[in-house]
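J.: Mind having a look at this structure? Questions to follow.
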Amino acid sequence: MGFNVKAVMFDLDGTLVNTAPEIAYAANQMLDALNLPNKSQAQIARYIGEGAQMLVKRCVANGALAEPDDVLLNEAQALFFEYYAQNVTSSQPYHGALETLDQLKRTGFKLACVTNKPEKFTLPLLSATGLIDFFEMVVSGDTLPKKKPDPMQLHHICKKLEVLETESMLVGDSDTDVVAAHAAGCYIVTVPYGYNQGKAIDESMVDATIDDLPDLLNLLT
Ligand SMILES: O=C(O)COP(=O)(O)O
Ligand SMILES: [Mg+2]
């Protein structure tokens with residue numbers, strides 16, 4: 001494919017780790033506590049991708065509660081944070097995630113994780129799954145003033161890793177990742193199994209698609 005890449009940045013939820021089961025469990029605990037109807041895991045998975053705040057808002061906003069007020073939203077978010085903190089480290093990496101990161105690191109690529117997940121969940125999850133040691137940098141949804149689809153996190157990583165955006169690649173699972181990578185000027189490669197609000201990725205918008213993470217080694221090594 002001829003990618004001239006020195007750094008590879010990985011999205012977390014839906015790309016490296018299958019977080020939907022634990023997120024859905026915590027979201028339904030929150031809905032129970034608020035006496036609101038539960039939602040299926042598939043439905044909640046469609047709300048993943050734009051940070052925890054947005055996920056909570058979408059879970060709470062249904063039917064008569066289409067416009068949840070700030071008091072309810074604050075309470076819902078506090079509950080979700082409390083419940084998700086209890087099971088965030090139970091999520092499992094996708095097939096071949098560790099092996100792929102290991103191989104890329106040994107080959108000499110600089111690796112980073114860039115997620116919209118808040119830091120207080122990102123770091124324990126990366127530690128528990130054994131992924132954290134592969135990354136030179138981790139940038140979470142609340143590390144900087146802006147998050148994906150804004151390119152700020154990607155620019156920040158490129159600067160710190162001393163690579164050009166044009167020699168960096170983002171591997172992600174959603175339109176949010178695609179838009180951020182385009183805005184930053186990085187290559188974008190997507191996996192098909194993650195959370196893209198229930199839609200398929202528009203393949204005409206990406207540099208390549210891979211079936212799973214080990215497929216990346218065919219593109220890059
Ligand atoms: O927290 C989210 O909403 C999504 O996180 P991600 O950017 O790792 O997919
Ligand atoms: Mg994702």
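Each chain of the structure tokens is named A, B, ... in the order shown, its residues numbered from 1; ligands are numbered from 1 in display order.
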As a PDB file with N, CA and C atoms, in the first residue's frame, which residues of range 12-157 of chain A does DSSP assign to alpha helix (DSSP H)?

T.:
ATOM      1  N   ALA A  20     -18.351  -2.293  25.070  1.00  0.00           N
ATOM      2  CA  ALA A  20     -19.813  -2.127  25.090  1.00  0.00           C
ATOM      3  C   ALA A  20     -20.504  -2.927  26.197  1.00  0.00           C
ATOM      4  N   PRO A  21     -20.100  -4.192  26.478  1.00  0.00           N
ATOM      5  CA  PRO A  21     -20.825  -4.936  27.526  1.00  0.00           C
ATOM      6  C   PRO A  21     -20.774  -4.235  28.881  1.00  0.00           C
ATOM      7  N   GLU A  22     -19.594  -3.749  29.261  1.00  0.00           N
ATOM      8  CA  GLU A  22     -19.453  -3.113  30.579  1.00  0.00           C
ATOM      9  C   GLU A  22     -20.100  -1.727  30.595  1.00  0.00           C
ATOM     10  N   ILE A  23     -19.983  -0.986  29.476  1.00  0.00           N
ATOM     11  CA  ILE A  23     -20.635   0.332  29.405  1.00  0.00           C
ATOM     12  C   ILE A  23     -22.149   0.158  29.497  1.00  0.00           C
ATOM     13  N   ALA A  24     -22.686  -0.828  28.787  1.00  0.00           N
ATOM     14  CA  ALA A  24     -24.139  -1.049  28.800  1.00  0.00           C
ATOM     15  C   ALA A  24     -24.611  -1.467  30.191  1.00  0.00           C
ATOM     16  N   TYR A  25     -23.824  -2.305  30.848  1.00  0.00           N
ATOM     17  CA  TYR A  25     -24.195  -2.759  32.196  1.00  0.00           C
ATOM     18  C   TYR A  25     -24.280  -1.564  33.150  1.00  0.00           C
ATOM     19  N   ALA A  26     -23.241  -0.712  33.105  1.00  0.00           N
ATOM     20  CA  ALA A  26     -23.217   0.460  33.995  1.00  0.00           C
ATOM     21  C   ALA A  26     -24.336   1.447  33.630  1.00  0.00           C
ATOM     22  N   ALA A  27     -24.591   1.603  32.342  1.00  0.00           N
ATOM     23  CA  ALA A  27     -25.646   2.537  31.914  1.00  0.00           C
ATOM     24  C   ALA A  27     -27.011   2.047  32.392  1.00  0.00           C
ATOM     25  N   ASN A  28     -27.228   0.737  32.353  1.00  0.00           N
ATOM     26  CA  ASN A  28     -28.521   0.219  32.831  1.00  0.00           C
ATOM     27  C   ASN A  28     -28.634   0.288  34.353  1.00  0.00           C
ATOM     28  N   GLN A  29     -27.525   0.144  35.066  1.00  0.00           N
ATOM     29  CA  GLN A  29     -27.559   0.361  36.522  1.00  0.00           C
ATOM     30  C   GLN A  29     -27.978   1.808  36.820  1.00  0.00           C
ATOM     31  N   MET A  30     -27.422   2.728  36.017  1.00  0.00           N
ATOM     32  CA  MET A  30     -27.784   4.148  36.163  1.00  0.00           C
ATOM     33  C   MET A  30     -29.273   4.356  35.877  1.00  0.00           C
ATOM     34  N   LEU A  31     -29.770   3.758  34.788  1.00  0.00           N
ATOM     35  CA  LEU A  31     -31.184   3.922  34.420  1.00  0.00           C
ATOM     36  C   LEU A  31     -32.089   3.324  35.499  1.00  0.00           C
ATOM     37  N   ASP A  32     -31.692   2.173  36.050  1.00  0.00           N
ATOM     38  CA  ASP A  32     -32.458   1.567  37.160  1.00  0.00           C
ATOM     39  C   ASP A  32     -32.544   2.534  38.333  1.00  0.00           C
ATOM     40  N   ALA A  33     -31.396   3.113  38.694  1.00  0.00           N
ATOM     41  CA  ALA A  33     -31.348   4.009  39.859  1.00  0.00           C
ATOM     42  C   ALA A  33     -32.232   5.237  39.652  1.00  0.00           C
ATOM     43  N   GLN A  41     -28.016  -3.723  24.971  1.00  0.00           N
ATOM     44  CA  GLN A  41     -26.582  -3.454  24.763  1.00  0.00           C
ATOM     45  C   GLN A  41     -26.338  -2.890  23.366  1.00  0.00           C
ATOM     46  N   ALA A  42     -27.075  -3.418  22.383  1.00  0.00           N
ATOM     47  CA  ALA A  42     -26.894  -2.935  20.999  1.00  0.00           C
ATOM     48  C   ALA A  42     -27.250  -1.456  20.892  1.00  0.00           C
ATOM     49  N   GLN A  43     -28.332  -1.079  21.575  1.00  0.00           N
ATOM     50  CA  GLN A  43     -28.743   0.333  21.538  1.00  0.00           C
ATOM     51  C   GLN A  43     -27.698   1.219  22.208  1.00  0.00           C
ATOM     52  N   ILE A  44     -27.227   0.812  23.368  1.00  0.00           N
ATOM     53  CA  ILE A  44     -26.251   1.632  24.103  1.00  0.00           C
ATOM     54  C   ILE A  44     -24.933   1.699  23.331  1.00  0.00           C
ATOM     55  N   ALA A  45     -24.568   0.613  22.654  1.00  0.00           N
ATOM     56  CA  ALA A  45     -23.325   0.620  21.866  1.00  0.00           C
ATOM     57  C   ALA A  45     -23.368   1.710  20.794  1.00  0.00           C
ATOM     58  N   ALA A  52     -18.287  10.113  27.454  1.00  0.00           N
ATOM     59  CA  ALA A  52     -19.229   9.595  28.445  1.00  0.00           C
ATOM     60  C   ALA A  52     -20.430  10.519  28.638  1.00  0.00           C
ATOM     61  N   GLN A  53     -20.180  11.827  28.593  1.00  0.00           N
ATOM     62  CA  GLN A  53     -21.272  12.785  28.799  1.00  0.00           C
ATOM     63  C   GLN A  53     -22.377  12.607  27.754  1.00  0.00           C
ATOM     64  N   MET A  54     -21.950  12.466  26.499  1.00  0.00           N
ATOM     65  CA  MET A  54     -22.901  12.296  25.403  1.00  0.00           C
ATOM     66  C   MET A  54     -23.639  10.967  25.533  1.00  0.00           C
ATOM     67  N   LEU A  55     -22.913   9.942  25.947  1.00  0.00           N
ATOM     68  CA  LEU A  55     -23.536   8.631  26.130  1.00  0.00           C
ATOM     69  C   LEU A  55     -24.644   8.707  27.193  1.00  0.00           C
ATOM     70  N   VAL A  56     -24.340   9.352  28.301  1.00  0.00           N
ATOM     71  CA  VAL A  56     -25.329   9.468  29.379  1.00  0.00           C
ATOM     72  C   VAL A  56     -26.542  10.258  28.890  1.00  0.00           C
ATOM     73  N   LYS A  57     -26.289  11.335  28.181  1.00  0.00           N
ATOM     74  CA  LYS A  57     -27.384  12.163  27.680  1.00  0.00           C
ATOM     75  C   LYS A  57     -28.299  11.355  26.756  1.00  0.00           C
ATOM     76  N   ARG A  58     -27.683  10.566  25.883  1.00  0.00           N
ATOM     77  CA  ARG A  58     -28.501   9.781  24.945  1.00  0.00           C
ATOM     78  C   ARG A  58     -29.271   8.687  25.654  1.00  0.00           C
ATOM     79  N   CYS A  59     -28.687   8.108  26.711  1.00  0.00           N
ATOM     80  CA  CYS A  59     -29.401   7.062  27.466  1.00  0.00           C
ATOM     81  C   CYS A  59     -30.625   7.638  28.168  1.00  0.00           C
ATOM     82  N   VAL A  60     -30.472   8.846  28.711  1.00  0.00           N
ATOM     83  CA  VAL A  60     -31.528   9.448  29.530  1.00  0.00           C
ATOM     84  C   VAL A  60     -32.603  10.099  28.663  1.00  0.00           C
ATOM     85  N   ASP A  70     -30.652  19.833  33.357  1.00  0.00           N
ATOM     86  CA  ASP A  70     -29.282  19.748  33.844  1.00  0.00           C
ATOM     87  C   ASP A  70     -29.167  18.985  35.157  1.00  0.00           C
ATOM     88  N   VAL A  71     -30.182  19.126  36.015  1.00  0.00           N
ATOM     89  CA  VAL A  71     -30.124  18.445  37.315  1.00  0.00           C
ATOM     90  C   VAL A  71     -30.136  16.936  37.098  1.00  0.00           C
ATOM     91  N   LEU A  72     -31.075  16.483  36.240  1.00  0.00           N
ATOM     92  CA  LEU A  72     -31.147  15.052  35.946  1.00  0.00           C
ATOM     93  C   LEU A  72     -29.860  14.579  35.272  1.00  0.00           C
ATOM     94  N   LEU A  73     -29.367  15.355  34.326  1.00  0.00           N
ATOM     95  CA  LEU A  73     -28.154  14.955  33.605  1.00  0.00           C
ATOM     96  C   LEU A  73     -26.959  14.835  34.543  1.00  0.00           C
ATOM     97  N   ASN A  74     -26.828  15.786  35.456  1.00  0.00           N
ATOM     98  CA  ASN A  74     -25.711  15.742  36.403  1.00  0.00           C
ATOM     99  C   ASN A  74     -25.808  14.518  37.297  1.00  0.00           C
ATOM    100  N   GLU A  75     -27.030  14.234  37.749  1.00  0.00           N
ATOM    101  CA  GLU A  75     -27.218  13.066  38.608  1.00  0.00           C
ATOM    102  C   GLU A  75     -26.923  11.784  37.818  1.00  0.00           C
ATOM    103  N   ALA A  76     -27.417  11.745  36.576  1.00  0.00           N
ATOM    104  CA  ALA A  76     -27.206  10.567  35.733  1.00  0.00           C
ATOM    105  C   ALA A  76     -25.711  10.358  35.476  1.00  0.00           C
ATOM    106  N   GLN A  77     -25.017  11.435  35.218  1.00  0.00           N
ATOM    107  CA  GLN A  77     -23.588  11.292  34.930  1.00  0.00           C
ATOM    108  C   GLN A  77     -22.819  10.811  36.164  1.00  0.00           C
ATOM    109  N   ALA A  78     -23.167  11.367  37.327  1.00  0.00           N
ATOM    110  CA  ALA A  78     -22.485  10.940  38.559  1.00  0.00           C
ATOM    111  C   ALA A  78     -22.736   9.452  38.801  1.00  0.00           C
ATOM    112  N   LEU A  79     -23.970   9.003  38.565  1.00  0.00           N
ATOM    113  CA  LEU A  79     -24.289   7.586  38.760  1.00  0.00           C
ATOM    114  C   LEU A  79     -23.534   6.717  37.759  1.00  0.00           C
ATOM    115  N   PHE A  80     -23.530   7.146  36.493  1.00  0.00           N
ATOM    116  CA  PHE A  80     -22.830   6.346  35.480  1.00  0.00           C
ATOM    117  C   PHE A  80     -21.347   6.237  35.827  1.00  0.00           C
ATOM    118  N   PHE A  81     -20.737   7.337  36.225  1.00  0.00           N
ATOM    119  CA  PHE A  81     -19.309   7.312  36.574  1.00  0.00           C
ATOM    120  C   PHE A  81     -19.053   6.360  37.745  1.00  0.00           C
ATOM    121  N   GLU A  82     -19.966   6.404  38.725  1.00  0.00           N
ATOM    122  CA  GLU A  82     -19.805   5.528  39.899  1.00  0.00           C
ATOM    123  C   GLU A  82     -19.907   4.053  39.479  1.00  0.00           C
ATOM    124  N   TYR A  83     -20.913   3.730  38.670  1.00  0.00           N
ATOM    125  CA  TYR A  83     -21.112   2.327  38.293  1.00  0.00           C
ATOM    126  C   TYR A  83     -20.043   1.856  37.304  1.00  0.00           C
ATOM    127  N   TYR A  84     -19.711   2.686  36.342  1.00  0.00           N
ATOM    128  CA  TYR A  84     -18.732   2.242  35.331  1.00  0.00           C
ATOM    129  C   TYR A  84     -17.353   2.042  35.961  1.00  0.00           C
ATOM    130  N   ALA A  85     -17.023   2.848  36.986  1.00  0.00           N
ATOM    131  CA  ALA A  85     -15.736   2.683  37.679  1.00  0.00           C
ATOM    132  C   ALA A  85     -15.626   1.290  38.296  1.00  0.00           C
ATOM    133  N   GLN A  86     -16.787   0.674  38.592  1.00  0.00           N
ATOM    134  CA  GLN A  86     -16.762  -0.649  39.233  1.00  0.00           C
ATOM    135  C   GLN A  86     -16.472  -1.785  38.251  1.00  0.00           C
ATOM    136  N   ASN A  87     -16.691  -1.571  36.962  1.00  0.00           N
ATOM    137  CA  ASN A  87     -16.485  -2.712  36.047  1.00  0.00           C
ATOM    138  C   ASN A  87     -15.656  -2.374  34.801  1.00  0.00           C
ATOM    139  N   ALA A  97      -5.087  -7.869  19.538  1.00  0.00           N
ATOM    140  CA  ALA A  97      -4.699  -6.487  19.865  1.00  0.00           C
ATOM    141  C   ALA A  97      -3.280  -6.432  20.449  1.00  0.00           C
ATOM    142  N   LEU A  98      -3.026  -7.251  21.470  1.00  0.00           N
ATOM    143  CA  LEU A  98      -1.706  -7.196  22.118  1.00  0.00           C
ATOM    144  C   LEU A  98      -0.598  -7.604  21.162  1.00  0.00           C
ATOM    145  N   GLU A  99      -0.840  -8.670  20.405  1.00  0.00           N
ATOM    146  CA  GLU A  99       0.189  -9.178  19.486  1.00  0.00           C
ATOM    147  C   GLU A  99       0.511  -8.136  18.416  1.00  0.00           C
ATOM    148  N   THR A 100      -0.521  -7.455  17.927  1.00  0.00           N
ATOM    149  CA  THR A 100      -0.317  -6.455  16.871  1.00  0.00           C
ATOM    150  C   THR A 100       0.481  -5.272  17.394  1.00  0.00           C
ATOM    151  N   LEU A 101       0.107  -4.779  18.578  1.00  0.00           N
ATOM    152  CA  LEU A 101       0.840  -3.653  19.158  1.00  0.00           C
ATOM    153  C   LEU A 101       2.290  -4.061  19.432  1.00  0.00           C
ATOM    154  N   ASP A 102       2.473  -5.267  19.932  1.00  0.00           N
ATOM    155  CA  ASP A 102       3.820  -5.769  20.230  1.00  0.00           C
ATOM    156  C   ASP A 102       4.675  -5.790  18.970  1.00  0.00           C
ATOM    157  N   GLN A 103       4.096  -6.326  17.895  1.00  0.00           N
ATOM    158  CA  GLN A 103       4.831  -6.441  16.631  1.00  0.00           C
ATOM    159  C   GLN A 103       5.162  -5.058  16.055  1.00  0.00           C
ATOM    160  N   LEU A 104       4.195  -4.162  16.101  1.00  0.00           N
ATOM    161  CA  LEU A 104       4.428  -2.808  15.559  1.00  0.00           C
ATOM    162  C   LEU A 104       5.513  -2.088  16.365  1.00  0.00           C
ATOM    163  N   LYS A 105       5.465  -2.238  17.671  1.00  0.00           N
ATOM    164  CA  LYS A 105       6.463  -1.577  18.522  1.00  0.00           C
ATOM    165  C   LYS A 105       7.855  -2.137  18.234  1.00  0.00           C
ATOM    166  N   ARG A 106       7.940  -3.465  18.121  1.00  0.00           N
ATOM    167  CA  ARG A 106       9.240  -4.084  17.813  1.00  0.00           C
ATOM    168  C   ARG A 106       9.769  -3.631  16.460  1.00  0.00           C
ATOM    169  N   THR A 107       8.841  -3.370  15.517  1.00  0.00           N
ATOM    170  CA  THR A 107       9.252  -2.938  14.176  1.00  0.00           C
ATOM    171  C   THR A 107       9.749  -1.497  14.195  1.00  0.00           C
ATOM    172  N   GLU A 119     -10.180  10.210  31.117  1.00  0.00           N
ATOM    173  CA  GLU A 119      -8.920   9.648  31.620  1.00  0.00           C
ATOM    174  C   GLU A 119      -9.111   8.687  32.792  1.00  0.00           C
ATOM    175  N   LYS A 120     -10.056   8.993  33.672  1.00  0.00           N
ATOM    176  CA  LYS A 120     -10.197   8.156  34.862  1.00  0.00           C
ATOM    177  C   LYS A 120     -10.650   6.734  34.517  1.00  0.00           C
ATOM    178  N   PHE A 121     -11.199   6.545  33.321  1.00  0.00           N
ATOM    179  CA  PHE A 121     -11.533   5.189  32.866  1.00  0.00           C
ATOM    180  C   PHE A 121     -10.458   4.635  31.928  1.00  0.00           C
ATOM    181  N   THR A 122      -9.878   5.516  31.112  1.00  0.00           N
ATOM    182  CA  THR A 122      -8.910   5.067  30.106  1.00  0.00           C
ATOM    183  C   THR A 122      -7.708   4.382  30.741  1.00  0.00           C
ATOM    184  N   LEU A 123      -7.113   5.045  31.733  1.00  0.00           N
ATOM    185  CA  LEU A 123      -5.841   4.547  32.258  1.00  0.00           C
ATOM    186  C   LEU A 123      -5.990   3.206  32.990  1.00  0.00           C
ATOM    187  N   PRO A 124      -7.004   3.044  33.879  1.00  0.00           N
ATOM    188  CA  PRO A 124      -7.178   1.718  34.494  1.00  0.00           C
ATOM    189  C   PRO A 124      -7.485   0.627  33.468  1.00  0.00           C
ATOM    190  N   LEU A 125      -8.262   0.965  32.439  1.00  0.00           N
ATOM    191  CA  LEU A 125      -8.601  -0.040  31.424  1.00  0.00           C
ATOM    192  C   LEU A 125      -7.357  -0.465  30.653  1.00  0.00           C
ATOM    193  N   LEU A 126      -6.540   0.502  30.251  1.00  0.00           N
ATOM    194  CA  LEU A 126      -5.322   0.162  29.513  1.00  0.00           C
ATOM    195  C   LEU A 126      -4.355  -0.639  30.389  1.00  0.00           C
ATOM    196  N   SER A 127      -4.315  -0.334  31.675  1.00  0.00           N
ATOM    197  CA  SER A 127      -3.431  -1.089  32.580  1.00  0.00           C
ATOM    198  C   SER A 127      -3.936  -2.512  32.751  1.00  0.00           C
ATOM    199  N   ALA A 128      -5.242  -2.650  33.015  1.00  0.00           N
ATOM    200  CA  ALA A 128      -5.803  -3.979  33.286  1.00  0.00           C
ATOM    201  C   ALA A 128      -5.700  -4.909  32.083  1.00  0.00           C
ATOM    202  N   MET A 152      -7.472  18.238  17.540  1.00  0.00           N
ATOM    203  CA  MET A 152      -6.505  18.705  18.549  1.00  0.00           C
ATOM    204  C   MET A 152      -5.674  17.571  19.167  1.00  0.00           C
ATOM    205  N   GLN A 153      -6.347  16.470  19.530  1.00  0.00           N
ATOM    206  CA  GLN A 153      -5.611  15.367  20.171  1.00  0.00           C
ATOM    207  C   GLN A 153      -4.550  14.790  19.224  1.00  0.00           C
ATOM    208  N   LEU A 154      -4.899  14.696  17.942  1.00  0.00           N
ATOM    209  CA  LEU A 154      -3.968  14.101  16.968  1.00  0.00           C
ATOM    210  C   LEU A 154      -2.770  15.023  16.739  1.00  0.00           C
ATOM    211  N   HIS A 155      -3.042  16.323  16.617  1.00  0.00           N
ATOM    212  CA  HIS A 155      -1.935  17.279  16.471  1.00  0.00           C
ATOM    213  C   HIS A 155      -1.006  17.224  17.689  1.00  0.00           C
ATOM    214  N   HIS A 156      -1.610  17.142  18.854  1.00  0.00           N
ATOM    215  CA  HIS A 156      -0.842  17.106  20.105  1.00  0.00           C
ATOM    216  C   HIS A 156       0.089  15.881  20.130  1.00  0.00           C
ATOM    217  N   ILE A 157      -0.446  14.744  19.740  1.00  0.00           N
ATOM    218  CA  ILE A 157       0.359  13.516  19.737  1.00  0.00           C
ATOM    219  C   ILE A 157       1.504  13.626  18.721  1.00  0.00           C
TER     220      ILE A 157
END

J.: Contacts between ligand 1 and chain A, please, where a residue of chain A counts if it comes within 8 Å (with only C-alpha atoms and all ligand atoms); show its shortest atom pair and distance in Å to one decimal, rows by chain and ascending number, as a tab-separated table.

T.:
residue	atom	partner	partner_atom_place_in_ligand_line	distance
A:Asp11	CA	ligand 1	8 (O)	4.7
A:Leu12	CA	ligand 1	8 (O)	3.6
A:Asp13	CA	ligand 1	8 (O)	3.8
A:Gly14	CA	ligand 1	9 (O)	5.8
A:Thr15	CA	ligand 1	9 (O)	7.1
A:Tyr47	CA	ligand 1	3 (O)	7.3
A:Ile48	CA	ligand 1	3 (O)	4.2
A:Gly49	CA	ligand 1	3 (O)	3.3
A:Glu50	CA	ligand 1	3 (O)	4.0
A:Gly51	CA	ligand 1	3 (O)	3.3
A:Ala52	CA	ligand 1	1 (O)	5.3
A:Met54	CA	ligand 1	3 (O)	7.3
A:Leu55	CA	ligand 1	3 (O)	6.6
A:Val114	CA	ligand 1	7 (O)	6.7
A:Thr115	CA	ligand 1	7 (O)	3.6
A:Asn116	CA	ligand 1	7 (O)	3.7
A:Lys117	CA	ligand 1	1 (O)	3.4
A:Pro118	CA	ligand 1	1 (O)	6.7
A:Ser140	CA	ligand 1	7 (O)	7.9
A:Gly141	CA	ligand 1	1 (O)	7.1
A:Lys148	CA	ligand 1	7 (O)	7.1
A:Gly172	CA	ligand 1	9 (O)	7.4
A:Asp173	CA	ligand 1	9 (O)	7.0
A:Ser174	CA	ligand 1	9 (O)	7.3
A:Thr176	CA	ligand 1	7 (O)	7.8
A:Asp177	CA	ligand 1	7 (O)	7.5
A:Tyr195	CA	ligand 1	9 (O)	7.4

J.: Running DSSP on the backbone, which parts of range 56-120 of chain A land in strand (DSSP E), as a list in words?

T.: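 Here is the list: Gln92, Pro93, Lys110, Leu111, Ala112, Cys113 and Val114 of chain A.
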
J.: List as number ranges by chain the protein and nucleic acid residues near Asp175 in chain A, meaning an atom at most 7 Å away when only C-alpha atoms are counted, but skip any in the same chain fewer than 4 places from it.

T.: A: 179, 196, 201

J.: Would you export the selected residues with N, CA and C atoms as a JSON list (two decimals), in the first residue's frame, please?

T.:
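Saved the output as result.json:
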[["chain", "number", "residue", "atom", "x", "y", "z"],
["A", 179, "VAL", "N", -13.34, 11.76, 10.68],
["A", 179, "VAL", "CA", -13.36, 13.23, 10.57],
["A", 179, "VAL", "C", -12.12, 13.83, 11.24],
["A", 196, "ASN", "N", -20.09, 2.47, 15.50],
["A", 196, "ASN", "CA", -20.21, 3.66, 14.65],
["A", 196, "ASN", "C", -21.66, 4.08, 14.57],
["A", 201, "ILE", "N", -19.00, 1.88, 8.22],
["A", 201, "ILE", "CA", -18.05, 2.94, 7.86],
["A", 201, "ILE", "C", -18.14, 3.18, 6.34]]

J.: At what distance in Å, to one decimal, does CA of Phe134 in chain A lie from CA of Leu111 in chain A?

T.: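 Taking CA of Leu111 in chain A as the start and CA of Phe134 in chain A as the end point, the length is 6.7 Å.
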